[in-house]
Structure formats: structure tokens, C-alpha cells
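This is final_27.json. It holds JSON, C-alpha atoms and all ligand atoms.
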```json
[["chain", "number", "residue", "atom", "x", "y", "z"],
["A", 1, "MET", "CA", 15.79, 11.61, -30.38],
["A", 2, "ALA", "CA", 14.34, 9.76, -27.38],
["A", 3, "SER", "CA", 13.49, 11.89, -24.35],
["A", 4, "ASN", "CA", 15.14, 11.16, -20.98],
["A", 5, "SER", "CA", 11.93, 9.73, -19.62],
["A", 6, "GLY", "CA", 11.69, 7.49, -22.71],
["A", 7, "ILE", "CA", 15.19, 6.18, -22.00],
["A", 8, "ASN", "CA", 14.25, 5.51, -18.36],
["A", 9, "GLU", "CA", 11.10, 3.64, -19.40],
["A", 10, "ASP", "CA", 13.13, 1.52, -21.82],
["A", 11, "LYS", "CA", 15.58, 0.70, -19.03],
["A", 12, "GLN", "CA", 12.77, -0.39, -16.69],
["A", 13, "ILE", "CA", 11.16, -2.54, -19.38],
["A", 14, "GLN", "CA", 14.57, -4.03, -20.12],
["A", 15, "TRP", "CA", 14.95, -4.92, -16.42],
["A", 16, "LEU", "CA", 11.58, -6.71, -16.50],
["A", 17, "GLU", "CA", 12.35, -8.56, -19.72],
["A", 18, "ASN", "CA", 15.83, -9.56, -18.48],
["A", 19, "GLY", "CA", 14.20, -10.76, -15.26],
["A", 20, "ILE", "CA", 11.95, -13.09, -17.24],
["A", 21, "VAL", "CA", 14.79, -14.45, -19.40],
["A", 22, "GLU", "CA", 17.28, -14.77, -16.55],
["A", 23, "ASN", "CA", 14.68, -16.16, -14.15],
["A", 24, "TYR", "CA", 14.95, -13.59, -11.39],
["A", 25, "ILE", "CA", 11.26, -12.92, -11.99],
["A", 26, "ASN", "CA", 8.83, -15.83, -12.37],
["A", 27, "TYR", "CA", 6.92, -15.59, -15.62],
["A", 28, "TYR", "CA", 3.51, -17.18, -16.35],
["A", 29, "ASP", "CA", 1.73, -17.18, -19.69],
["A", 30, "TYR", "CA", -1.49, -15.14, -19.59],
["A", 31, "ASN", "CA", -3.37, -18.14, -21.03],
["A", 32, "GLU", "CA", -2.61, -20.09, -17.87],
["A", 33, "PHE", "CA", -5.30, -18.06, -16.08],
["A", 34, "LYS", "CA", -9.10, -18.17, -16.32],
["A", 35, "ASP", "CA", -12.28, -16.81, -14.64],
["A", 36, "PHE", "CA", -11.18, -13.17, -14.50],
["A", 37, "GLN", "CA", -13.26, -10.96, -12.26],
["A", 38, "CYS", "CA", -12.49, -7.28, -11.59],
["A", 39, "ILE", "CA", -12.21, -6.79, -7.80],
["A", 40, "GLY", "CA", -10.75, -3.32, -7.41],
["A", 41, "SER", "CA", -8.95, -0.40, -8.94],
["A", 42, "GLY", "CA", -6.54, 2.25, -7.77],
["A", 43, "GLY", "CA", -4.72, 5.27, -9.14],
["A", 44, "PHE", "CA", -2.61, 3.28, -11.53],
["A", 45, "SER", "CA", -4.05, -0.22, -11.69],
["A", 46, "LYS", "CA", -7.05, -2.47, -12.10],
["A", 47, "VAL", "CA", -7.04, -5.63, -10.01],
["A", 48, "TYR", "CA", -8.61, -8.95, -11.06],
["A", 49, "ARG", "CA", -9.27, -12.20, -9.27],
["A", 50, "ALA", "CA", -8.38, -15.17, -11.47],
["A", 51, "THR", "CA", -7.76, -18.91, -11.22],
["A", 52, "LEU", "CA", -4.79, -20.88, -12.43],
["A", 53, "LYS", "CA", -6.11, -23.31, -15.07],
["A", 54, "ASN", "CA", -6.35, -26.98, -14.04],
["A", 55, "SER", "CA", -6.12, -26.06, -10.37],
["A", 56, "ASP", "CA", -8.07, -24.36, -7.61],
["A", 57, "THR", "CA", -5.35, -21.77, -7.07],
["A", 58, "VAL", "CA", -6.86, -18.30, -6.86],
["A", 59, "ILE", "CA", -4.58, -15.30, -7.36],
["A", 60, "ALA", "CA", -4.92, -11.55, -7.85],
["A", 61, "LEU", "CA", -3.65, -9.92, -11.06],
["A", 62, "LYS", "CA", -2.70, -6.27, -10.80],
["A", 63, "CYS", "CA", -2.90, -4.78, -14.27],
["A", 64, "ILE", "CA", -1.13, -1.46, -14.71],
["A", 65, "LYS", "CA", -3.41, 1.03, -16.51],
["A", 66, "ASN", "CA", -0.70, 2.69, -18.55],
["A", 67, "ASN", "CA", 2.57, 0.81, -18.61],
["A", 68, "ASN", "CA", 4.60, 3.67, -19.98],
["A", 69, "LEU", "CA", 3.51, 6.16, -17.34],
["A", 70, "PHE", "CA", 3.83, 3.80, -14.40],
["A", 71, "ILE", "CA", 6.59, 1.40, -15.39],
["A", 72, "LYS", "CA", 8.86, 2.87, -12.72],
["A", 73, "GLU", "CA", 6.24, 2.15, -10.03],
["A", 74, "ILE", "CA", 5.77, -1.44, -11.30],
["A", 75, "VAL", "CA", 9.49, -2.17, -11.22],
["A", 76, "ASN", "CA", 9.80, -0.49, -7.83],
["A", 77, "GLU", "CA", 6.91, -2.54, -6.42],
["A", 78, "ILE", "CA", 8.35, -5.82, -7.77],
["A", 79, "LYS", "CA", 11.85, -5.16, -6.40],
["A", 80, "LEU", "CA", 10.53, -4.30, -2.95],
["A", 81, "LEU", "CA", 7.98, -7.13, -2.80],
["A", 82, "GLN", "CA", 10.70, -9.63, -3.68],
["A", 83, "LYS", "CA", 12.73, -8.45, -0.68],
["A", 84, "VAL", "CA", 9.96, -9.09, 1.83],
["A", 85, "ASN", "CA", 8.17, -11.98, 0.16],
["A", 86, "LEU", "CA", 8.42, -14.37, 3.09],
["A", 87, "HIS", "CA", 6.48, -12.35, 5.64],
["A", 88, "VAL", "CA", 3.04, -13.76, 6.41],
["A", 89, "ASN", "CA", 1.52, -10.27, 6.81],
["A", 90, "ILE", "CA", 2.79, -8.94, 3.49],
["A", 91, "ILE", "CA", 0.96, -9.81, 0.28],
["A", 92, "LYS", "CA", 3.02, -12.35, -1.68],
["A", 93, "PHE", "CA", 4.38, -11.66, -5.13],
["A", 94, "PHE", "CA", 4.38, -14.75, -7.37],
["A", 95, "GLY", "CA", 5.60, -13.31, -10.66],
["A", 96, "ILE", "CA", 4.39, -11.47, -13.73],
["A", 97, "THR", "CA", 2.40, -12.15, -16.84],
["A", 98, "LYS", "CA", 1.85, -10.13, -20.01],
["A", 99, "LYS", "CA", -1.25, -9.36, -22.03],
["A", 100, "LYS", "CA", -1.17, -8.14, -25.63],
["A", 101, "ASN", "CA", -3.38, -5.12, -26.14],
["A", 102, "ASN", "CA", -3.35, -4.22, -29.87],
["A", 103, "GLU", "CA", 0.19, -2.87, -30.34],
["A", 104, "ASP", "CA", 0.88, -2.55, -26.61],
["A", 105, "THR", "CA", 1.91, -5.12, -24.04],
["A", 106, "ASN", "CA", 0.45, -4.82, -20.56],
["A", 107, "TYR", "CA", 2.40, -6.18, -17.60],
["A", 108, "LEU", "CA", 0.39, -7.73, -14.78],
["A", 109, "LEU", "CA", 1.70, -8.53, -11.29],
["A", 110, "ILE", "CA", 0.61, -11.93, -9.97],
["A", 111, "LEU", "CA", -0.15, -11.53, -6.26],
["A", 112, "GLU", "CA", -1.52, -13.55, -3.38],
["A", 113, "TYR", "CA", -5.31, -13.11, -3.36],
["A", 114, "ALA", "CA", -6.89, -11.65, -0.23],
["A", 115, "ASP", "CA", -10.45, -12.96, 0.15],
["A", 116, "SER", "CA", -11.97, -10.29, 2.42],
["A", 117, "GLY", "CA", -11.11, -6.99, 0.72],
["A", 118, "THR", "CA", -9.39, -4.06, 2.37],
["A", 119, "LEU", "CA", -9.06, -3.50, 6.11],
["A", 120, "GLY", "CA", -11.26, -0.38, 5.72],
["A", 121, "GLU", "CA", -14.11, -2.41, 4.18],
["A", 122, "PHE", "CA", -13.58, -5.28, 6.61],
["A", 123, "LEU", "CA", -13.92, -3.00, 9.65],
["A", 124, "LYS", "CA", -17.04, -1.42, 8.16],
["A", 125, "ASN", "CA", -18.73, -4.79, 7.60],
["A", 126, "ASN", "CA", -17.49, -6.81, 10.58],
["A", 127, "PHE", "CA", -16.73, -4.40, 13.40],
["A", 128, "SER", "CA", -19.52, -5.60, 15.70],
["A", 129, "ARG", "CA", -18.10, -9.14, 15.78],
["A", 130, "LEU", "CA", -14.48, -8.11, 16.49],
["A", 131, "ASP", "CA", -13.38, -8.63, 20.07],
["A", 132, "TRP", "CA", -10.33, -7.03, 21.68],
["A", 133, "ASN", "CA", -8.23, -10.11, 21.09],
["A", 134, "MET", "CA", -8.81, -9.84, 17.34],
["A", 135, "LYS", "CA", -8.21, -6.05, 17.31],
["A", 136, "LEU", "CA", -4.95, -6.60, 19.16],
["A", 137, "GLN", "CA", -3.93, -9.31, 16.69],
["A", 138, "PHE", "CA", -4.59, -6.88, 13.81],
["A", 139, "ALA", "CA", -2.48, -4.20, 15.50],
["A", 140, "ILE", "CA", 0.38, -6.67, 16.04],
["A", 141, "GLN", "CA", 0.18, -7.90, 12.44],
["A", 142, "ILE", "CA", 0.45, -4.37, 11.02],
["A", 143, "ALA", "CA", 3.34, -3.56, 13.34],
["A", 144, "ASP", "CA", 5.08, -6.84, 12.38],
["A", 145, "ALA", "CA", 4.70, -6.23, 8.65],
["A", 146, "VAL", "CA", 6.03, -2.67, 8.84],
["A", 147, "SER", "CA", 8.81, -3.78, 11.16],
["A", 148, "CYS", "CA", 9.88, -6.32, 8.49],
["A", 149, "LEU", "CA", 9.98, -3.50, 5.92],
["A", 150, "HIS", "CA", 12.01, -1.28, 8.22],
["A", 151, "GLU", "CA", 14.46, -4.09, 8.99],
["A", 152, "ASN", "CA", 15.04, -4.25, 5.25],
["A", 153, "ASP", "CA", 15.45, -0.46, 5.14],
["A", 154, "ILE", "CA", 12.24, 0.00, 3.19],
["A", 155, "ILE", "CA", 9.61, 2.57, 4.07],
["A", 156, "HIS", "CA", 6.05, 2.11, 2.86],
["A", 157, "CYS", "CA", 5.08, 5.82, 2.65],
["A", 158, "ASP", "CA", 1.39, 5.17, 1.91],
["A", 159, "LEU", "CA", -0.03, 3.27, 4.88],
["A", 160, "HIS", "CA", -3.81, 3.47, 5.24],
["A", 161, "SER", "CA", -6.66, 1.01, 5.68],
["A", 162, "ASP", "CA", -7.26, 0.56, 1.94],
["A", 163, "ASN", "CA", -3.67, -0.52, 1.38],
["A", 164, "ILE", "CA", -3.99, -3.32, 3.92],
["A", 165, "LEU", "CA", -5.89, -6.40, 2.79],
["A", 166, "VAL", "CA", -7.64, -9.10, 4.81],
["A", 167, "HIS", "CA", -7.31, -12.80, 4.06],
["A", 168, "GLN", "CA", -8.78, -15.49, 6.33],
["A", 169, "ASN", "CA", -8.97, -12.94, 9.17],
["A", 170, "MET", "CA", -5.31, -12.08, 8.77],
["A", 171, "LEU", "CA", -3.90, -8.75, 7.60],
["A", 172, "LYS", "CA", -1.69, -8.45, 4.53],
["A", 173, "LEU", "CA", 0.17, -5.25, 3.75],
["A", 174, "ALA", "CA", -0.12, -4.30, 0.06],
["A", 175, "ASP", "CA", 0.48, -1.57, -2.54],
["A", 176, "PHE", "CA", 4.17, -0.76, -2.53],
["A", 177, "GLY", "CA", 3.87, 1.63, -5.47],
["A", 178, "HIS", "CA", 5.03, 4.62, -3.39],
["A", 179, "SER", "CA", 7.49, 2.76, -1.17],
["A", 180, "HIS", "CA", 11.22, 3.43, -1.13],
["A", 181, "ARG", "CA", 14.49, 1.99, -0.02],
["A", 182, "LEU", "CA", 15.78, 4.34, 2.68],
["A", 183, "ALA", "CA", 19.04, 4.86, 0.83],
["A", 184, "GLU", "CA", 17.12, 6.13, -2.21],
["A", 185, "VAL", "CA", 14.73, 8.48, -0.43],
["A", 186, "SER", "CA", 14.88, 12.06, -1.57],
["A", 187, "THR", "CA", 12.99, 15.07, -0.29],
["A", 188, "GLN", "CA", 9.36, 14.86, -1.39],
["A", 189, "LYS", "CA", 8.01, 17.42, -3.80],
["A", 190, "ASP", "CA", 4.64, 15.72, -4.09],
["A", 191, "ILE", "CA", 3.01, 14.44, -0.97],
["A", 192, "VAL", "CA", 1.41, 11.06, -1.52],
["A", 193, "GLY", "CA", -1.06, 9.36, 0.75],
["A", 194, "VAL", "CA", -4.39, 9.88, 2.46],
["A", 195, "LEU", "CA", -4.39, 13.03, 4.59],
["A", 196, "PRO", "CA", -5.42, 11.74, 8.05],
["A", 197, "TYR", "CA", -2.67, 9.08, 7.94],
["A", 198, "ILE", "CA", 0.16, 11.35, 6.74],
["A", 199, "ASP", "CA", 2.81, 12.41, 9.23],
["A", 200, "PRO", "CA", 2.00, 16.13, 9.81],
["A", 201, "GLN", "CA", 5.71, 16.95, 9.64],
["A", 202, "PHE", "CA", 5.44, 16.66, 5.87],
["A", 203, "PHE", "CA", 3.29, 19.77, 5.90],
["A", 204, "GLN", "CA", 4.93, 21.60, 8.77],
["A", 205, "THR", "CA", 8.29, 21.85, 7.06],
["A", 206, "GLN", "CA", 6.64, 22.94, 3.89],
["A", 207, "THR", "CA", 4.75, 25.83, 5.43],
["A", 208, "SER", "CA", 7.43, 26.99, 7.85],
["A", 209, "ASN", "CA", 10.19, 27.18, 5.27],
["A", 210, "ASN", "CA", 8.25, 29.36, 2.90],
["A", 211, "LYS", "CA", 10.01, 27.70, 0.00],
["A", 212, "SER", "CA", 10.16, 24.33, -1.68],
["A", 213, "TYR", "CA", 9.39, 21.20, 0.27],
["A", 214, "CYS", "CA", 12.22, 19.69, 2.28],
["A", 215, "TYR", "CA", 10.95, 16.83, 4.42],
["A", 216, "LYS", "CA", 12.39, 13.38, 3.84],
["A", 217, "PRO", "CA", 10.04, 10.47, 4.50],
["A", 218, "ASN", "CA", 11.53, 8.09, 7.06],
["A", 219, "LYS", "CA", 10.61, 5.18, 9.31],
["A", 220, "LYS", "CA", 8.88, 7.49, 11.78],
["A", 221, "SER", "CA", 6.49, 8.70, 9.07],
["A", 222, "ASP", "CA", 5.26, 5.10, 8.72],
["A", 223, "ILE", "CA", 4.96, 4.81, 12.50],
["A", 224, "TYR", "CA", 2.71, 7.89, 12.62],
["A", 225, "SER", "CA", 0.42, 6.16, 10.09],
["A", 226, "ILE", "CA", 0.41, 2.98, 12.21],
["A", 227, "GLY", "CA", -0.80, 5.06, 15.18],
["A", 228, "VAL", "CA", -3.75, 6.29, 13.11],
["A", 229, "LEU", "CA", -4.47, 2.73, 11.93],
["A", 230, "LEU", "CA", -4.49, 1.49, 15.54],
["A", 231, "TRP", "CA", -7.09, 4.13, 16.37],
["A", 232, "GLU", "CA", -9.15, 3.03, 13.36],
["A", 233, "ILE", "CA", -9.02, -0.62, 14.48],
["A", 234, "SER", "CA", -10.21, 0.42, 17.95],
["A", 235, "SER", "CA", -13.10, 2.52, 16.62],
["A", 236, "GLY", "CA", -14.17, 0.86, 13.38],
["A", 237, "TYR", "CA", -14.25, 4.28, 11.69],
["A", 238, "LYS", "CA", -12.06, 5.99, 9.14],
["A", 239, "PRO", "CA", -10.16, 8.84, 10.83],
["A", 240, "PHE", "CA", -11.86, 12.22, 10.55],
["A", 241, "LYS", "CA", -14.70, 10.67, 8.58],
["A", 242, "SER", "CA", -16.98, 13.69, 9.04],
["A", 243, "TYR", "CA", -14.69, 15.83, 6.84],
["A", 244, "ASN", "CA", -15.47, 15.67, 3.13],
["A", 245, "SER", "CA", -12.94, 16.19, 0.33],
["A", 246, "TYR", "CA", -13.78, 19.91, 0.09],
["A", 247, "GLN", "CA", -12.73, 20.34, 3.74],
["A", 248, "ARG", "CA", -9.26, 18.91, 3.18],
["A", 249, "ASN", "CA", -7.47, 22.23, 3.81],
["A", 250, "LYS", "CA", -9.51, 22.90, 6.94],
["A", 251, "LEU", "CA", -8.63, 19.43, 8.27],
["A", 252, "LEU", "CA", -4.98, 19.90, 7.39],
["A", 253, "LEU", "CA", -4.80, 23.17, 9.35],
["A", 254, "GLU", "CA", -6.53, 21.59, 12.32],
["A", 255, "ILE", "CA", -4.17, 18.59, 12.29],
["A", 256, "LEU", "CA", -1.22, 20.99, 12.16],
["A", 257, "ASP", "CA", -2.76, 22.71, 15.15],
["A", 258, "GLY", "CA", -2.64, 19.39, 17.05],
["A", 259, "LYS", "CA", -6.05, 17.92, 16.32],
["A", 260, "ARG", "CA", -6.12, 14.11, 16.69],
["A", 261, "GLU", "CA", -8.88, 11.54, 16.98],
["A", 262, "THR", "CA", -9.69, 10.85, 20.63],
["A", 263, "PRO", "CA", -9.57, 7.38, 22.22],
["A", 264, "ILE", "CA", -12.76, 5.34, 22.09],
["A", 265, "PRO", "CA", -14.31, 4.62, 25.54],
["A", 266, "ASN", "CA", -13.37, 1.19, 26.97],
["A", 267, "THR", "CA", -10.17, 0.93, 24.94],
["A", 268, "PRO", "CA", -7.52, -0.76, 27.13],
["A", 269, "ILE", "CA", -5.12, 1.89, 28.43],
["A", 270, "ASP", "CA", -2.05, -0.02, 27.19],
["A", 271, "TYR", "CA", -3.47, 0.03, 23.67],
["A", 272, "ILE", "CA", -4.10, 3.79, 23.89],
["A", 273, "ASN", "CA", -0.56, 4.29, 25.17],
["A", 274, "ILE", "CA", 0.87, 2.56, 22.13],
["A", 275, "TYR", "CA", -0.81, 4.78, 19.57],
["A", 276, "THR", "CA", -0.55, 8.03, 21.51],
["A", 277, "SER", "CA", 3.08, 7.56, 22.51],
["A", 278, "ILE", "CA", 5.33, 10.30, 21.25],
["A", 279, "ASN", "CA", 8.52, 8.35, 22.04],
["A", 280, "VAL", "CA", 8.79, 6.59, 18.68],
["E", 301, "LIG", "N1", -3.94, -9.11, -3.69],
["E", 301, "LIG", "C1", -5.17, -8.61, -3.69],
["E", 301, "LIG", "N2", -6.22, -9.37, -3.30],
["E", 301, "LIG", "C2", -7.48, -8.87, -3.30],
["E", 301, "LIG", "N3", -7.79, -7.60, -3.66],
["E", 301, "LIG", "C3", -6.79, -6.79, -4.03],
["E", 301, "LIG", "C4", -5.43, -7.25, -4.07],
["E", 301, "LIG", "N4", -4.64, -6.21, -4.47],
["E", 301, "LIG", "C5", -5.46, -5.17, -4.66],
["E", 301, "LIG", "N5", -6.75, -5.49, -4.41],
["E", 301, "LIG", "C6", -7.94, -4.60, -4.54],
["E", 301, "LIG", "O1", -7.67, -3.65, -5.57],
["E", 301, "LIG", "C7", -7.65, -2.32, -5.03],
["E", 301, "LIG", "C8", -6.54, -1.50, -5.72],
["E", 301, "LIG", "O2", -5.28, -2.09, -5.46],
["E", 301, "LIG", "P1", -3.98, -1.23, -5.13],
["E", 301, "LIG", "O3", -4.25, -0.32, -3.96],
["E", 301, "LIG", "O4", -2.82, -2.14, -5.02],
["E", 301, "LIG", "O5", -3.92, -0.38, -6.47],
["E", 301, "LIG", "P2", -3.11, 0.97, -6.80],
["E", 301, "LIG", "O6", -3.40, 1.32, -8.21],
["E", 301, "LIG", "O7", -1.68, 0.72, -6.43],
["E", 301, "LIG", "O8", -3.78, 1.99, -5.81],
["E", 301, "LIG", "P3", -3.28, 3.40, -5.26],
["E", 301, "LIG", "O9", -4.14, 4.39, -5.98],
["E", 301, "LIG", "O10", -3.59, 3.31, -3.77],
["E", 301, "LIG", "O11", -1.80, 3.51, -5.54],
["E", 301, "LIG", "C9", -7.43, -2.50, -3.53],
["E", 301, "LIG", "O12", -7.96, -1.42, -2.80],
["E", 301, "LIG", "C10", -8.18, -3.81, -3.26],
["E", 301, "LIG", "O13", -9.57, -3.57, -3.16]]
```
Written form, C-alpha cells:
Amino acid sequence: MASNSGINEDKQIQWLENGIVENYINYYDYNEFKDFQCIGSGGFSKVYRATLKNSDTVIALKCIKNNNLFIKEIVNEIKLLQKVNLHVNIIKFFGITKKKNNEDTNYLLILEYADSGTLGEFLKNNFSRLDWNMKLQFAIQIADAVSCLHENDIIHCDLHSDNILVHQNMLKLADFGHSHRLAEVSTQKDIVGVLPYIDPQFFQTQTSNNKSYCYKPNKKSDIYSIGVLLWEISSGYKPFKSYNSYQRNKLLLEILDGKRETPIPNTPIDYINIYTSINV
């Protein structure tokens, strides 16, 4: 007898296959692409740069490492990306392709290609040439992209500088694997994300209740992460970069105790006000 999770996986795969047949998802044959080059990897995917044959069109292919384990995340990411596909600061979703792997079939998301890597890498390599006008543009672009999500009642839930890509000096929000529609949000048992960017309320509720976790991610949790990103854009550094992974608990306790990164000298006061404002 199939397990519940097996039934759920089958349903998700069915949704993808129906999407291809009924044309609510664009499908491209894998053989239509060439010049594959691995450009990154994350918790559940490997990402390739490739070119559409007989054209100069460059795209990114996000190949899910283990379809069966992550099929829910793939379907989730596709559904959400399709809702916000028109925004210039959100990575575009073009469709899917499939690759046969012995007995298995791997699904790959076809995405807009960002030519300058993640925002984190970009700041590391280019910070000295960024003027305030550019930093401000970056801040506005992140706020615009997240505002578009929120208008569609979607929350990203995993905002950090490696989930924002840079293309032609413009920011593109990416990686919707942990995002949710607000109506479908439940209380989080597992906290996802990168510690310095996570709304501390996730942890506060957990420790004060002395029982299972009961904080629901919401729009304000994304806005906390935007505040941290604005600081990062103004400094060029990852937040709390002097803490290594072994000091995670120490950092968590300090953040709960109110520790925050301090404004960088010569940052315009209006900019500081935006990311330190508590009236969100
Ligand atoms: N559209 C793209 N254009 C260029 N590079 C990309 C693109 N999408 C992803 N990448 C690169 O691949 C890396 C992994 O992508 P992504 O964060 O989407 O994977 P993931 O498996 O969902 O990661 P996570 O562990 O954060 O959930 C990114 O950090 C980036 O370097």
C-alpha cells in the first residue's frame, strides 16, 4: 500500500504533468538546450547556465537533486513564481524541462539567468564602486519585489543576500522554495532561513512558551529580513560576519537580547530610519 507521502508526491507529479499537457506550464524539450555549465547549488538543487539552441538566449536551469523528496517545493515554487512573473525585480519563470536519469525523470525549472551571481557575492566584489544612488536603488528594488509578493498575499520566508540575484546591476528576488501563500501558512515547527535575517520573534515565542513552536510567519517577518538586507547594502558585509557556525546559539541569545548591527558611519539618516524603524 502506498504511504501518504507517496500519494502526495504522485499528486504533485500529476499536477506538473497535467500542466504540461494542458499548457498551464510551458514545456521545453531538454535537447533544446546546450552549453551546460554548473553555476551554483543549494539545499535541494543544482543550478546550470545553458543556451537555447540556435539562439543566443541564455537561461538558468534549476535541477532538483531528489525529485521525490522535494517535489512539493518544486510545485510550490512554480505556482508562486507564476503569480508574480511580471515583476522586473523577481526572477522570471519560463517553464520546465525533464531529463531522463536511468529509471528516474528529473524536473528542471527554466529561469531567467542572472549574470552577476548573488547579491552577497556582488557586494563582496563590487562594494567599493557602489555609490549611494546605487545602494538606494538596490534597497528600493528589494522593497518593490517583496511588496509585489505581499500584494499577492505571498510571503517569501527566506530572504537573505544569497537568495537575491544580480543581473545587469539590477536585483532579482529568487528561491521561492520556502515561500507560502498567506492563507496556507501554518505555525512553523522547523525554522528555515539564515539566522541573522530571521525575525527574532520566531525564537522568542518558542522559548517563552516552553512547549512546541507557535509563531506564524507573516509579512512582518519578511520586513525584518529586508531591514537586515538594507544594513548589508549600506555596509558591504554579511550581518554578524564575525560569528562562525559554532557560535550560532551564542548569536541567537544575543539577538534575542536586542543585539543588532549598528549603522555604518556616513549612512544618510533617512536610510538608517527606514531599516531601524519599528513601526512596520
Ligand atoms: N536564475 C539564476 N541565475 C543565476 N544563478 C542562479 C540562478 N538561480 C540560482 N542561481 C545560483 O544557484 C544557487 C542556488 O540556487 P537556489 O538558492 O535557488 O537553490 P536552492 O536549492 O533553492 O537553495 P536553498 O538551499 O537556499 O533553498 C544560487 O545561490 C545562485 O548562485
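Closest approach to ligand LIG 301 (chain E) among A:Ala145, A:Val228, A:Leu252, A:Ile74: A:Ile74, based on all atoms listed in the file.
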(Q) Show me which residues are within 7 Å of ligand LIG 301 (chain E) counting all atoms listed in the file, and format the list as a PyMOL selection string. (A) chain A and resi 39-47+60+62+91+111-115+117-118+162-163+165+174-175+177
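Put simply, CA of Asp199 (chain A) is 5.2 Å away from CA of Ser221 (chain A).
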Q. So which residues touch region 237-242 of chain A within 7 Å, counting all atoms listed in the file, skipping near sequence neighbours fewer than 5 positions away, as a ChimeraX atom specification?
A. /A:196,232,261
Keeping only C-alpha atoms, write those residues as a short mmCIF file (atom, residue, chain, number, x, y, z; two decimals), keeping the file's coordinate frame.
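Below is the file part-v1.cif, written as the result:
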```
data_model
loop_
_atom_site.label_atom_id
_atom_site.label_comp_id
_atom_site.auth_asym_id
_atom_site.auth_seq_id
_atom_site.Cartn_x
_atom_site.Cartn_y
_atom_site.Cartn_z
CA PRO A 196 -5.42 11.74 8.05
CA GLU A 232 -9.15 3.03 13.36
CA GLU A 261 -8.88 11.54 16.98
#
```
Q: Quick one: everything within 9 Å of region 76-84 of chain A, counting only C-alpha atoms, minus sequence neighbours fewer than 4 positions away in the same chain. Send it as a list in words.
A: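 These residues fall inside the cut-off: Ile25, Ile71, Lys72, Ile90, Ile91, Lys92, Phe93, Phe94, Gly95, Leu109, Cys148, Leu149, Asn152, Ile154, Asp175, Phe176, Gly177, His178, Ser179, His180 and Arg181 of chain A.
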Written selection (C-alpha atoms) as a short mmCIF file (atom, residue, chain, number, x, y, z; two decimals), keeping the file's coordinate frame:
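Generated output (again04.cif):
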```cif
data_model
loop_
_atom_site.label_atom_id
_atom_site.label_comp_id
_atom_site.auth_asym_id
_atom_site.auth_seq_id
_atom_site.Cartn_x
_atom_site.Cartn_y
_atom_site.Cartn_z
CA ILE A 25 11.26 -12.92 -11.99
CA ILE A 71 6.59 1.40 -15.39
CA LYS A 72 8.86 2.87 -12.72
CA ILE A 90 2.79 -8.94 3.49
CA ILE A 91 0.96 -9.81 0.28
CA LYS A 92 3.02 -12.35 -1.68
CA PHE A 93 4.38 -11.66 -5.13
CA PHE A 94 4.38 -14.75 -7.37
CA GLY A 95 5.60 -13.31 -10.66
CA LEU A 109 1.70 -8.53 -11.29
CA CYS A 148 9.88 -6.32 8.49
CA LEU A 149 9.98 -3.50 5.92
CA ASN A 152 15.04 -4.25 5.25
CA ILE A 154 12.24 0.00 3.19
CA ASP A 175 0.48 -1.57 -2.54
CA PHE A 176 4.17 -0.76 -2.53
CA GLY A 177 3.87 1.63 -5.47
CA HIS A 178 5.03 4.62 -3.39
CA SER A 179 7.49 2.76 -1.17
CA HIS A 180 11.22 3.43 -1.13
CA ARG A 181 14.49 1.99 -0.02
#
```
Q.
List the spatial neighbours of Phe127 (chain A) as a ChimeraX atom specification - criterion: any atom at most 12 Å away, all atoms listed in the file, same-chain residues fewer than 4 positions off excluded.
A. /A:119-123,131-132,134-135,232-237
Q: Would you work out the distance separating CA of Asn67 (chain A) from CA of Val192 (chain A), expressed in Å to one decimal?
A: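 Pair CA of Asn67 (chain A) / CA of Val192 (chain A) returns 20.0 Å.
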Q: Pick out the residues sitting within 10 Å of region 15-19 of chain A, and hand them over as number ranges by chain; count only C-alpha atoms, and ignore anything fewer than 4 positions along from it in its own chain.
A: A: 9-11, 23-27, 71, 74-75, 78, 96, 107
Q | Distance of CA of Ser225 (chain A) from CA of Tyr197 (chain A), expressed in Å to one decimal place | A | 4.8 Å
Sorted by chain and rising residue number, which residues of region 97-187 of chain A lie within 12 Å of region 274-278 of chain A, and what are their closest atom pairs and distances in Å to one decimal, counting only C-alpha atoms, as a Markdown table?
```
| residue | atom | partner | partner_atom | distance |
| --- | --- | --- | --- | --- |
| A:Leu136 | CA | A:Ile274 | CA | 11.3 |
| A:Ala139 | CA | A:Tyr275 | CA | 10.0 |
| A:Ile140 | CA | A:Ile274 | CA | 11.1 |
| A:Ala143 | CA | A:Ile274 | CA | 11.0 |
```
Q | 8 Å contact set for Val146 (chain A), only C-alpha atoms, chain neighbours under 4 positions out, as a VMD selection string | A | chain A and resid 142 150 155 to 156 222
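Comparing the minimum interatomic distances between Cys38 (chain A) and each of A:Tyr243, A:Ala50, A:Asp158, A:Leu108, counting all atoms listed in the file, we find that A:Ala50 sits nearest.
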Q. Hey, which of A:Ile7, A:Leu159, A:Ile59, A:Ile13 ends up closest to Lys219 (chain A)? Count only C-alpha atoms.
A.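 Ranked by minimum distance to Lys219 (chain A), first place goes to A:Leu159.
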**Q.** Given only C-alpha atoms as the counted atoms, nearest of A:Ile20, A:Ile164, A:Leu256, A:Ile264 to Leu229 (chain A)
**A.** A:Ile164
